[in-house]
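Enquirer: Dropping in upload-v5.tsv, which is TSV, C-alpha atoms:
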chain	number	residue	atom	x	y	z
A	22	VAL	CA	-5.55	-3.49	41.15
A	23	GLN	CA	-1.99	-2.36	41.82
A	24	LEU	CA	0.94	-3.96	40.03
A	25	VAL	CA	4.58	-3.85	41.11
A	26	GLU	CA	7.33	-5.25	38.90
A	27	SER	CA	10.74	-6.42	40.02
A	28	GLY	CA	13.68	-8.40	38.72
A	29	GLY	CA	15.12	-6.13	36.05
A	30	GLY	CA	18.79	-5.33	35.79
A	31	LEU	CA	21.94	-5.29	33.71
A	32	VAL	CA	23.00	-8.66	32.31
A	33	GLN	CA	25.22	-10.05	29.59
A	34	ALA	CA	23.88	-11.46	26.37
A	35	GLY	CA	23.11	-15.16	26.58
A	36	THR	CA	22.15	-15.08	30.24
A	37	SER	CA	18.75	-15.14	31.95
A	38	LEU	CA	16.51	-12.94	34.06
A	39	ARG	CA	13.16	-13.50	35.69
A	40	LEU	CA	10.76	-10.60	36.05
A	41	SER	CA	7.99	-10.65	38.62
A	42	CYS	CA	4.74	-8.71	38.75
A	43	ALA	CA	2.98	-8.75	42.10
A	44	ALA	CA	-0.70	-7.82	42.11
A	45	SER	CA	-2.65	-6.44	45.04
A	46	GLY	CA	-6.30	-5.52	45.28
A	47	SER	CA	-9.18	-7.35	43.69
A	48	THR	CA	-8.12	-9.39	40.67
A	49	PHE	CA	-11.38	-11.33	40.50
A	50	SER	CA	-12.46	-9.73	37.22
A	51	VAL	CA	-9.05	-9.96	35.49
A	52	ASN	CA	-9.27	-12.04	32.33
A	53	ALA	CA	-5.95	-11.26	30.64
A	54	MET	CA	-2.45	-10.42	31.82
A	55	GLY	CA	0.99	-10.14	30.39
A	56	TRP	CA	4.03	-8.08	29.56
A	57	TYR	CA	4.86	-5.27	27.16
A	58	ARG	CA	8.22	-3.66	26.56
A	59	GLN	CA	9.37	-0.33	25.24
A	60	ALA	CA	12.83	0.33	23.88
A	61	PRO	CA	14.18	3.90	23.59
A	62	GLY	CA	12.53	5.74	20.72
A	63	LYS	CA	10.16	2.88	19.96
A	64	GLN	CA	6.54	2.08	20.66
A	65	ARG	CA	5.41	-0.21	23.44
A	66	ASP	CA	5.08	-3.75	22.08
A	67	LEU	CA	3.44	-6.87	23.45
A	68	VAL	CA	5.93	-9.50	24.60
A	69	ALA	CA	3.75	-12.21	26.09
A	70	ARG	CA	0.29	-12.64	27.53
A	71	ILE	CA	-2.04	-15.10	29.18
A	72	VAL	CA	-5.59	-14.83	27.89
A	73	ASN	CA	-8.80	-16.26	29.30
A	74	THR	CA	-6.93	-16.64	32.53
A	75	GLY	CA	-9.21	-19.41	33.66
A	76	GLY	CA	-7.92	-21.59	30.82
A	77	GLY	CA	-4.56	-19.90	30.64
A	78	SER	CA	-3.62	-19.94	26.95
A	79	THR	CA	-0.45	-18.01	26.15
A	80	ASN	CA	0.75	-15.87	23.26
A	81	TYR	CA	4.28	-14.63	22.51
A	82	ALA	CA	5.84	-12.12	20.19
A	83	ASP	CA	7.77	-13.87	17.43
A	84	SER	CA	10.98	-12.24	18.62
A	85	VAL	CA	10.84	-14.00	22.01
A	86	LYS	CA	9.26	-17.37	21.16
A	87	GLY	CA	11.33	-20.21	22.51
A	88	ARG	CA	13.30	-17.89	24.81
A	89	PHE	CA	10.73	-16.28	27.10
A	90	THR	CA	8.11	-18.01	29.24
A	91	ILE	CA	5.17	-16.34	30.93
A	92	SER	CA	3.60	-17.92	33.99
A	93	ARG	CA	1.56	-17.05	37.05
A	94	SER	CA	1.04	-18.14	40.61
A	95	ASN	CA	-2.53	-17.81	41.79
A	96	VAL	CA	-1.44	-18.51	45.34
A	97	LYS	CA	1.07	-15.64	45.33
A	98	ASN	CA	-1.03	-13.43	43.01
A	99	THR	CA	2.12	-12.94	40.99
A	100	MET	CA	2.97	-13.18	37.31
A	101	TYR	CA	6.43	-14.00	35.96
A	102	LEU	CA	8.40	-13.59	32.78
A	103	GLN	CA	11.34	-15.97	32.51
A	104	MET	CA	13.76	-14.59	29.93
A	105	ASP	CA	16.48	-16.92	28.67
A	106	SER	CA	19.15	-16.47	26.01
A	107	LEU	CA	18.86	-12.71	26.29
A	108	LYS	CA	19.94	-10.57	23.37
A	109	ARG	CA	20.94	-6.90	23.15
A	110	GLU	CA	17.70	-6.21	21.34
A	111	ASP	CA	15.77	-7.32	24.42
A	112	THR	CA	16.95	-4.14	26.15
A	113	ALA	CA	13.86	-2.16	27.14
A	114	ILE	CA	11.61	-1.12	29.96
A	115	TYR	CA	9.26	-4.02	30.70
A	116	TYR	CA	5.73	-3.31	31.88
A	117	CYS	CA	3.28	-5.82	33.23
A	118	PHE	CA	-0.44	-5.37	32.72
A	119	MET	CA	-3.75	-6.88	33.74
A	120	ARG	CA	-7.00	-6.33	31.91
A	121	ASP	CA	-10.43	-6.83	33.44
A	122	ASN	CA	-13.71	-7.95	31.92
A	123	LYS	CA	-14.65	-4.31	31.27
A	124	GLU	CA	-11.50	-3.89	29.15
A	125	TYR	CA	-9.84	-1.64	31.72
A	126	THR	CA	-6.07	-2.08	31.79
A	127	TYR	CA	-3.90	-1.78	34.86
A	128	TRP	CA	-0.17	-1.13	34.44
A	129	GLY	CA	2.90	-1.59	36.55
A	130	GLN	CA	5.53	1.11	36.84
A	131	GLY	CA	8.04	-0.66	34.61
A	132	THR	CA	11.39	-2.30	35.21
A	133	GLN	CA	14.53	-1.71	33.17
A	134	VAL	CA	16.24	-4.62	31.46
A	135	THR	CA	19.60	-3.90	29.87
A	136	VAL	CA	21.48	-6.59	27.95
A	137	SER	CA	25.12	-5.96	27.14
A	138	SER	CA	27.16	-7.85	24.57
Written as structure tokens, that's how I'd like the structure from this file.
Expert:
Amino acid sequence: VQLVESGGGLVQAGTSLRLSCAASGSTFSVNAMGWYRQAPGKQRDLVARIVNTGGGSTNYADSVKGRFTISRSNVKNTMYLQMDSLKREDTAIYYCFMRDNKEYTYWGQGTQVTVSS
């Protein structure tokens, strides 16, 4: 599985961005997917995920609940992260991931999101 993110950029606080994560290769065995982010000097933290992808339940970090929405398109084999009401503290490199039923994790290359005040 290869993952390619897009959609990052420099935006002002209070605005929106939508990140995309396009998957290629065999995703048949993927059972979880989502987004992490890593700010400078900090660890990589989970932002949002879809688990048991057949049922599609979602989880969010408390810091983004109500502002970010994770979704996927099976037809396009693409996952999205809609980010609304962005804050300076959302500035980070965002990484998408997919995890298969053998607990192997695939990562994208990361996309920079910078929020200015």
Enquirer: What is the CA of Leu31 in chain A to CA of Glu110 in chain A distance in Å?
Expert: 13.1 Å
Enquirer: List as a VMD selection string the protein and nucleic acid residues near range 80-88 of chain A, meaning an atom at most 6 Å away when all atoms listed in the file are counted, but skip any in the same chain fewer than 2 places from it.
Expert: chain A and resid 68 to 70 105
Enquirer: Scan for residues within 8 Å of the point (7.3, -15.6, 29.8) in the coordinates of the file, using all atoms listed in the file, and reply as JSON, numbers by chain.
Expert: {"A": [69, 70, 81, 89, 90, 91, 92, 101, 102, 103, 104]}
Enquirer: I'd like to know which of A:Val22, A:Ala53, A:Val72, A:Ala60 is closest to Val134 in chain A, using all atoms listed in the file.
Expert: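 Using all atoms listed in the file, Val134 in chain A sits closest to A:Ala60.
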Enquirer: Let me make sure I understand: among A:Arg120, A:Arg58, A:Lys63, A:Arg93, which one has the smallest atom-to-atom distance to Ser78 in chain A if we use only C-alpha atoms?
Expert: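 Of the candidates, the smallest distance to Ser78 in chain A is held by A:Arg93.
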Enquirer: Counting all atoms listed in the file, write as an mmCIF file with C-alpha atoms, keeping the file's coordinate frame all protein and nucleic acid residues lying at most 10 Å from (4.3, -4.8, 25.7) in the file's frame.
Expert:
data_model
loop_
_atom_site.group_PDB
_atom_site.id
_atom_site.type_symbol
_atom_site.label_atom_id
_atom_site.label_comp_id
_atom_site.auth_asym_id
_atom_site.auth_seq_id
_atom_site.Cartn_x
_atom_site.Cartn_y
_atom_site.Cartn_z
ATOM 1 C CA GLY A 55 0.990 -10.140 30.390
ATOM 2 C CA TRP A 56 4.030 -8.080 29.560
ATOM 3 C CA TYR A 57 4.860 -5.270 27.160
ATOM 4 C CA ARG A 58 8.220 -3.660 26.560
ATOM 5 C CA GLN A 59 9.370 -0.330 25.240
ATOM 6 C CA GLN A 64 6.540 2.080 20.660
ATOM 7 C CA ARG A 65 5.410 -0.210 23.440
ATOM 8 C CA ASP A 66 5.080 -3.750 22.080
ATOM 9 C CA LEU A 67 3.440 -6.870 23.450
ATOM 10 C CA VAL A 68 5.930 -9.500 24.600
ATOM 11 C CA ALA A 69 3.750 -12.210 26.090
ATOM 12 C CA ARG A 70 0.290 -12.640 27.530
ATOM 13 C CA ALA A 82 5.840 -12.120 20.190
ATOM 14 C CA ILE A 114 11.610 -1.120 29.960
ATOM 15 C CA TYR A 115 9.260 -4.020 30.700
ATOM 16 C CA TYR A 116 5.730 -3.310 31.880
ATOM 17 C CA CYS A 117 3.280 -5.820 33.230
ATOM 18 C CA PHE A 118 -0.440 -5.370 32.720
#
Enquirer: Show me, as a list in words, the residues that have an atom within 10 Å of Ser27 in chain A when counting only C-alpha atoms, minus same-chain residues fewer than 2 positions from it.
Expert: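 Non-adjacent residues within range: Val25, Gly29, Gly30, Arg39, Leu40, Ser41, Cys42, Ala43, Tyr101, Tyr115, Gly129, Gln130, Gly131, Thr132 and Gln133 of chain A.
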Enquirer: Find, counting only C-alpha atoms, the residue in A:Gln33, A:Ala113, A:Asn98, A:Met54 that gets nearest to Thr126 in chain A.
Expert: A:Met54
Enquirer: In Å, how far is it from CA of Met100 in chain A to CA of Ser37 in chain A?
Expert: 16.8 Å
Enquirer: Which one is closest to Asp121 in chain A: A:Leu38, A:Val51, A:Leu107, A:Leu24? Count only C-alpha atoms.
Expert: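 Checking each of A:Leu38, A:Val51, A:Leu107, A:Leu24 against Asp121 in chain A, counting only C-alpha atoms, the winner is A:Val51.
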Enquirer: Quick one: distance from CA of Lys97 in chain A to CA of Gln23 in chain A in Å, one decimal?
Expert: 14.1 Å
